Amino acid sequence: MKNSYWVVAVVLLGVSCCFIQAVDSSPGDSDPLYKTCVEQCKNTGCVGENCFQHCRFSSDGASADGKWYMQEPLYLRWKQWDCQSDCRYHCMLDREKERENLGKAPVKYHGKWPFKRVFGIQEPVSVAFSAFNLAMQFHGWLSFFILLCYKLPLRPETRKPYYEFSGLWHIYGLLAMNSWFWSAVFHSRDVDLTEKIDYSSAVALLGFSLILAFLRTFNVRHEASRVMISAPLLAFITTHILYLNFYQLDYGWNMKVCVVMGVTQLLLWAVWAGVTRHPSKWKLWVVVVGGGLAMLLEIYDFPPYMGFIDAHALWHLTTIPLTYLWWSFIKDDAEFRTSELVKKVK
């Protein structure tokens, strides 16, 4: 009964996420003083005493005065630091100083909180936590691989693992590492390309995790049955990724899709943990409940502390220990299923 209360709590938490809507504009970039500052910067190339050489060049790197030998350095064009980006950033900082002096709270600009750059990185704390998550995913996947190939017994006729879900977890590990890599890139520099790749990678990971949740919790072992379950979900996930990349990057719709997929798999794992006799189900419960509670950080959004740490960065932090425990459960599951199958063979 106690477990049932946890399941209900997680589901209600997920449903509440569905009501969060993305907005196209923010109070900061609607501020007349901010907009005037940006326009003046584009014309003069300066914000106060800070002047930017990027404002002497067009978006393709050509000099504004047309001379062929005046070209913006290639590495700056590759980093995408252009006149508009620097003008927006420094106008935002100046406007926030003015608001702070007036005792006003920080506001968002173009959908983002006013973060302070470090060595050109837009959100350094989120980048660091994404890198830690990437390392944790790699450690978990590598230890899982070593466990299967070198520690657990293999089938004598094929020399393959007894564990029926090994291939699926390998794919999951690769998708997870890919997703956290692009998360680090996106938080380093938010441009259209990095944003779309980050969103697409997250959707792919979340979608495959949902497929894996269905297959493992219902113990689907036959290939035909796996295809019947996976095919419609893969079709939907692929269509959604194509929609985001080539039709419209709809933040509100994407959030609803991700929340539904996330809550569904949390519910699947929670119900399965409540009925199974798996020896490591307590680890699964911690991950499910912890993952549900971590969603609160996505709901309770607050300005970055000292310009660096916001709710989203803290969400990245909470996923680090949960990732370690999640891979620990996966390895325990491989050991548990292998021992059961070896007993049947004997």
# chains A, B, ... in the order shown; residues from 1 in each chain; ligands from 1
>>> closest_atom_pairs(of="range 111-223 of chain A", to="range 244-253 of chain A", cutoff="9 Å", atoms="only C-alpha atoms", output="JSON lines")
{"residue": "A:Lys196", "atom": "CA", "partner": "A:Asn245", "partner_atom": "CA", "distance": 6.2}
{"residue": "A:Ile197", "atom": "CA", "partner": "A:Asn245", "partner_atom": "CA", "distance": 8.5}
{"residue": "A:Tyr199", "atom": "CA", "partner": "A:Leu244", "partner_atom": "CA", "distance": 8.3}
{"residue": "A:Ser200", "atom": "CA", "partner": "A:Leu244", "partner_atom": "CA", "distance": 7.7}
>>> select_by_dssp(residues="range 132-206 of chain A", states="alpha helix (DSSP H)", output="PyMOL selection string")
chain A and resi 132-146+166-188+192-206
>>> residues_around(residues="Asp190 in chain A", least_positions_apart="3", cutoff="12 Å", atoms="only C-alpha atoms", output="ChimeraX atom specification")
/A:79-81,85,110-112,120-123,127,182-187,193-199
>>> closest_residue(among="A:Cys55, A:Cys91, A:Leu266, A:Ile146", to="Ala334 in chain A", atoms="only C-alpha atoms")
A:Ile146
>>> select_by_dssp(residues="range 17-246 of chain A", states="strand (DSSP E)", output="JSON, numbers by chain")
{"A": [46, 47, 50, 51]}
>>> write_last_selection(atoms="N, CA and C atoms", output="mmCIF file, in the first residue's frame")
data_model
loop_
_atom_site.group_PDB
_atom_site.id
_atom_site.type_symbol
_atom_site.label_atom_id
_atom_site.label_comp_id
_atom_site.auth_asym_id
_atom_site.auth_seq_id
_atom_site.Cartn_x
_atom_site.Cartn_y
_atom_site.Cartn_z
ATOM 1 N N CYS A 46 29.326 49.028 -29.532
ATOM 2 C CA CYS A 46 29.766 49.189 -28.145
ATOM 3 C C CYS A 46 28.574 49.215 -27.191
ATOM 4 N N VAL A 47 28.824 48.701 -25.983
ATOM 5 C CA VAL A 47 27.902 48.841 -24.860
ATOM 6 C C VAL A 47 28.717 49.453 -23.733
ATOM 7 N N ASN A 50 32.578 48.702 -23.394
ATOM 8 C CA ASN A 50 32.868 47.433 -24.063
ATOM 9 C C ASN A 50 32.524 47.532 -25.540
ATOM 10 N N CYS A 51 33.514 47.330 -26.393
ATOM 11 C CA CYS A 51 33.308 47.369 -27.848
ATOM 12 C C CYS A 51 33.680 46.009 -28.432
#
